[in-house]
Amino acid sequence: MISLLRTLWTVLRHTFRKRATILYPEEKPSIPPRWRGRIILSRDPDGAERCVACYLCAVACPVDCISLQATEDEHGRRYPEFFRINFSRCIFCGFCEEACPTYAIQLTPDFEMCEYNRQNLVYEKEDLLISGPGKYHDYDFYRVAGLAIGGKDKGQAENEETPVDVRGLMP
Amino acid sequence: MKEIIISLLTVFGVLIAATTIAAGLIWLERRLLGLWQDRYGPNRVGPFGLLQVLADMIKIFTKEDWIPPFADKPVFIIAPAVSMFTVLMTFAVIPFTRAVHVVDMNIGLLFFLGMSSLGVYSVTLAGWASDSKYSLLGGLRAAAQMLSYEVYMGLSLMGVVMLSGSFNLREIVEAQKGLWFCIPQFLGFAVFLIAGVAETHRLPFDLPEAESELVAGFHSEYSGMKFGMFFVGEYLGITLISAMIATLFFGGWLGPVLPPIIWFLIKMFVFICFFILLRAALPRPRYDQLMSYGWKVLFPLSLLNLVVTGGILLAR
């Protein structure tokens, strides 16, 4: 009986507690920067596309919502001809971001992407591509990659020595 | 002629006020439960979410009114009407102030007890007419629970009757001019309060409904406005029991400064809020716990109260 009364009193004291509810549309919740929300394609610090169209994100995607077609530019650098994400299928698992070798595909803290028309949830490359580098400000795949590519020869990357002639005798 | 108009006005005034309060309670309960669970409750529709009641009404009136093919049709239809009817009838004998009451009946208290006993029929018949396991179980539980709690409910009120020497509710209130009966009749008040919760089958004594075990108990098969009638009937029941507690133990309309009707409403609403607090705080007991608590604790207590009150009155 006493415990019942104590329960009543405890609950009654909650009258003056702060409420846990966040009144959403008026009051925005604070979302951590690593939140897995709307997917974007980022650019490197020079403003070129980071995506090298390696298809790893599309392979990693458990619901097959990513579709792209690789092509090459005049330097022989690969880039996606189209890049399409169907957000009505996407489960925001973030596997694509983990799979990406160039930090091109990233998930952002934006989740307000409701549509009245289902077709509008299919995002094309121009909808996905942003103008900045996203979460990794200084990263540029071609400046750290060791391979020779049009516009960058071997040994021209950051922290990279020019190749040694292994048959030469000189130090 | 003038008297007829006045009494008609009172009848419709009481009817409209009672149903409005009962409908408003749906909003009040959800807001208060929200407050006590550190959330808001309905606050979008209209100011403070007050129009939620209206939205709920529109919804429930436009829902399909479905009678299951296996149900006993006439009884199925009558049952929810009985639940509202019996409670609304009882409002006739409650004195809101010295002047405002529908009938000044000399057996008002007995009428209240009689009508609340009739209320059992609505639940039992609903459970029976639905012809489904869960409904029947709910109906059976309701019958046993309400019949047994009826006993202590009546007995707990006899102390009040002895002290005031009348079954007339107006005279009972006037007998509390010096001292509210909640002090000399504290035991009776406590028993009546608990029996009242059981009578309206509110939590923690909502075993006839018990949604975690019986789907929705006796009104599992009901939908649309028939379900709404049970719902409003339940809230009317809360209003009624709160009004009775205020009348019988807390001096009804008596109080300083403020007008009598305001005092009555304040006292009533305090108990309505208490009913909602019970729902917010307490878990539901097992069925056998409920029955043994009634017969082994409340019954002896109310008898004790009766004997002691009677003895003191005789000795005086």
# chains A, B, ... in the order shown; residues from 1 in each chain; ligands from 1

call {"tool": "closest_atom_pairs", "arguments": {"of": "chain B", "to": "chain A", "cutoff": "10 Å", "atoms": "only C-alpha atoms", "output": "Markdown table"}}
result
| residue | atom | partner | partner_atom | distance |
| --- | --- | --- | --- | --- |
| B:Leu32 | CA | A:Thr15 | CA | 8.6 |
| B:Leu33 | CA | A:Thr15 | CA | 9.9 |
| B:Gly34 | CA | A:Arg19 | CA | 8.9 |
| B:Leu35 | CA | A:Thr15 | CA | 5.9 |
| B:Trp36 | CA | A:His14 | CA | 5.1 |
| B:Gln37 | CA | A:His14 | CA | 7.1 |
| B:Asp38 | CA | A:Arg19 | CA | 4.3 |
| B:Arg39 | CA | A:Arg19 | CA | 5.0 |
| B:Tyr40 | CA | A:Thr21 | CA | 6.9 |
| B:Gly41 | CA | A:Thr21 | CA | 9.6 |
| B:Asn43 | CA | A:Leu23 | CA | 9.8 |
| B:Phe274 | CA | A:Leu8 | CA | 9.3 |
| B:Leu277 | CA | A:Leu8 | CA | 7.0 |
| B:Leu278 | CA | A:Leu8 | CA | 7.0 |
| B:Arg279 | CA | A:Leu8 | CA | 9.7 |
| B:Ala280 | CA | A:Val11 | CA | 7.3 |
| B:Ala281 | CA | A:Leu8 | CA | 5.7 |
| B:Leu282 | CA | A:Leu4 | CA | 7.3 |
| B:Pro283 | CA | A:Leu4 | CA | 9.6 |

call {"tool": "residues_around", "arguments": {"residues": "range 100-103 of chain A", "least_positions_apart": "2", "cutoff": "9 Å", "atoms": "only C-alpha atoms", "output": "list in words"}}
result
Leu41, Ser42, Arg50, Cys51, Val52, Cys54, Tyr55, Leu56, Cys57, Phe95, Cys96, Glu97, Glu98, Ile105, Gln106, Pro133, Gly134, Lys135, Tyr136, Tyr139, Asp140 and Phe141 of chain A

call {"tool": "select_by_dssp", "arguments": {"residues": "range 178-218 of chain B", "states": "alpha helix (DSSP H)", "output": "VMD selection string"}}
result
chain B and resid 186 to 199 211 to 214

call {"tool": "residues_around", "arguments": {"residues": "Gln185 in chain B", "least_positions_apart": "5", "cutoff": "8 Å", "atoms": "only C-alpha atoms", "output": "PDB file with N, CA and C atoms, in the first residue's frame"}}
result
ATOM      1  N   GLY B 159     -22.061   4.854   6.101  1.00  0.00           N
ATOM      2  CA  GLY B 159     -21.570   5.743   7.147  1.00  0.00           C
ATOM      3  C   GLY B 159     -22.014   7.168   6.890  1.00  0.00           C
ATOM      4  N   VAL B 160     -21.908   7.592   5.620  1.00  0.00           N
ATOM      5  CA  VAL B 160     -22.341   8.933   5.250  1.00  0.00           C
ATOM      6  C   VAL B 160     -23.826   9.095   5.515  1.00  0.00           C
ATOM      7  N   PHE B 249     -18.299  13.266   0.111  1.00  0.00           N
ATOM      8  CA  PHE B 249     -17.225  13.347   1.108  1.00  0.00           C
ATOM      9  C   PHE B 249     -16.563  14.714   1.177  1.00  0.00           C
ATOM     10  N   ASN B 305     -15.944   0.070   9.293  1.00  0.00           N
ATOM     11  CA  ASN B 305     -16.338   1.470   9.249  1.00  0.00           C
ATOM     12  C   ASN B 305     -17.799   1.623   9.660  1.00  0.00           C
TER      13      ASN B 305
END

call {"tool": "atom_distance", "arguments": {"atom1": "CA of Gln69 in chain A", "atom2": "CA of Gly37 in chain A"}}
result
23.8 Å

call {"tool": "residues_around", "arguments": {"residues": "Ser130 in chain B", "least_positions_apart": "4", "cutoff": "8 Å", "atoms": "only C-alpha atoms", "output": "ChimeraX atom specification"}}
result
/B:68,70-72,76,126,135-136,218,221

call {"tool": "residues_around", "arguments": {"residues": "Leu129 in chain A", "least_positions_apart": "3", "cutoff": "9 Å", "atoms": "only C-alpha atoms", "output": "VMD selection string"}}
result
chain A and resid 40 to 43 49 124 to 126 132

call {"tool": "decode", "arguments": {"residues": "range 36-142 of chain A", "atoms": "C-alpha atoms", "output": "short mmCIF file (atom, residue, chain, number, x, y, z; two decimals), in the first residue's frame"}}
result
data_model
loop_
_atom_site.label_atom_id
_atom_site.label_comp_id
_atom_site.auth_asym_id
_atom_site.auth_seq_id
_atom_site.Cartn_x
_atom_site.Cartn_y
_atom_site.Cartn_z
CA ARG A 36 23.73 8.33 -42.17
CA GLY A 37 21.32 10.45 -44.17
CA ARG A 38 21.01 11.62 -47.78
CA ILE A 39 23.84 10.34 -49.99
CA ILE A 40 26.00 12.81 -51.93
CA LEU A 41 28.91 12.64 -54.37
CA SER A 42 31.77 14.96 -53.36
CA ARG A 43 34.52 16.70 -55.32
CA ASP A 44 38.24 16.90 -54.54
CA PRO A 45 39.80 20.20 -53.38
CA ASP A 46 40.50 21.21 -56.99
CA GLY A 47 36.84 20.88 -57.86
CA ALA A 48 37.06 17.73 -59.97
CA GLU A 49 34.80 14.75 -59.41
CA ARG A 50 36.20 12.26 -56.94
CA CYS A 51 34.23 9.30 -58.25
CA VAL A 52 36.33 6.97 -60.41
CA ALA A 53 33.37 4.76 -61.31
CA CYS A 54 34.84 1.61 -59.79
CA TYR A 55 31.37 0.13 -59.08
CA LEU A 56 32.38 -0.87 -55.53
CA CYS A 57 29.48 1.06 -54.00
CA ALA A 58 27.01 -0.59 -56.33
CA VAL A 59 28.45 -3.99 -55.44
CA ALA A 60 28.39 -3.28 -51.71
CA CYS A 61 24.82 -2.00 -51.75
CA PRO A 62 22.62 -4.69 -50.16
CA VAL A 63 19.43 -3.39 -51.83
CA ASP A 64 20.96 -2.62 -55.23
CA CYS A 65 19.82 0.97 -55.25
CA ILE A 66 22.96 2.41 -56.89
CA SER A 67 23.37 2.29 -60.62
CA LEU A 68 26.19 3.88 -62.67
CA GLN A 69 28.06 3.64 -65.95
CA ALA A 70 31.84 4.18 -66.13
CA THR A 71 33.48 6.16 -68.91
CA GLU A 72 36.87 7.84 -69.49
CA ASP A 73 37.90 11.40 -70.27
CA GLU A 74 40.67 12.56 -72.63
CA HIS A 75 43.36 11.87 -69.96
CA GLY A 76 42.14 8.33 -69.51
CA ARG A 77 40.66 9.17 -66.10
CA ARG A 78 37.53 7.22 -65.24
CA TYR A 79 34.35 8.98 -64.18
CA PRO A 80 30.70 7.95 -64.11
CA GLU A 81 28.68 8.74 -67.21
CA PHE A 82 25.57 8.58 -65.11
CA PHE A 83 25.18 7.90 -61.42
CA ARG A 84 21.74 7.11 -60.11
CA ILE A 85 20.55 6.35 -56.58
CA ASN A 86 17.01 5.20 -55.97
CA PHE A 87 16.27 6.57 -52.50
CA SER A 88 12.97 4.76 -52.29
CA ARG A 89 15.04 1.60 -52.01
CA CYS A 90 18.04 2.94 -50.10
CA ILE A 91 18.24 1.72 -46.50
CA PHE A 92 20.94 4.19 -45.47
CA CYS A 93 23.27 1.44 -44.27
CA GLY A 94 26.40 3.37 -45.29
CA PHE A 95 28.09 0.36 -46.90
CA CYS A 96 28.65 2.39 -50.10
CA GLU A 97 30.57 4.98 -48.12
CA GLU A 98 32.70 2.27 -46.52
CA ALA A 99 33.38 0.63 -49.86
CA CYS A 100 34.36 3.83 -51.67
CA PRO A 101 38.17 3.98 -52.24
CA THR A 102 38.19 7.69 -53.06
CA TYR A 103 35.82 9.16 -50.41
CA ALA A 104 33.57 10.21 -53.27
CA ILE A 105 30.27 8.84 -52.00
CA GLN A 106 29.34 10.12 -48.53
CA LEU A 107 26.32 10.09 -46.28
CA THR A 108 25.16 13.42 -44.80
CA PRO A 109 23.04 14.42 -41.79
CA ASP A 110 20.13 15.48 -44.01
CA PHE A 111 17.07 13.29 -43.68
CA GLU A 112 14.27 15.60 -44.83
CA MET A 113 13.79 14.21 -48.30
CA CYS A 114 10.11 13.23 -48.45
CA GLU A 115 8.34 13.36 -51.80
CA TYR A 116 4.75 13.02 -52.89
CA ASN A 117 5.81 11.30 -56.10
CA ARG A 118 7.83 8.13 -55.79
CA GLN A 119 9.64 8.85 -59.05
CA ASN A 120 11.14 11.99 -57.52
CA LEU A 121 13.13 9.84 -55.12
CA VAL A 122 15.40 8.69 -57.93
CA TYR A 123 18.39 11.05 -57.73
CA GLU A 124 20.56 11.59 -60.81
CA LYS A 125 24.23 12.60 -60.81
CA GLU A 126 23.45 16.32 -60.93
CA ASP A 127 21.25 15.90 -57.82
CA LEU A 128 23.92 13.94 -55.99
CA LEU A 129 27.04 15.90 -56.88
CA ILE A 130 27.92 18.71 -54.47
CA SER A 131 30.42 21.48 -55.04
CA GLY A 132 32.65 20.77 -52.00
CA PRO A 133 34.85 18.00 -50.61
CA GLY A 134 32.34 16.81 -47.98
CA LYS A 135 33.80 15.32 -44.81
CA TYR A 136 37.40 15.01 -46.06
CA HIS A 137 38.66 18.47 -46.95
CA ASP A 138 42.18 17.80 -48.25
CA TYR A 139 41.87 14.37 -49.74
CA ASP A 140 42.55 14.03 -53.48
CA PHE A 141 42.80 10.48 -54.79
CA TYR A 142 45.08 11.27 -57.75
#
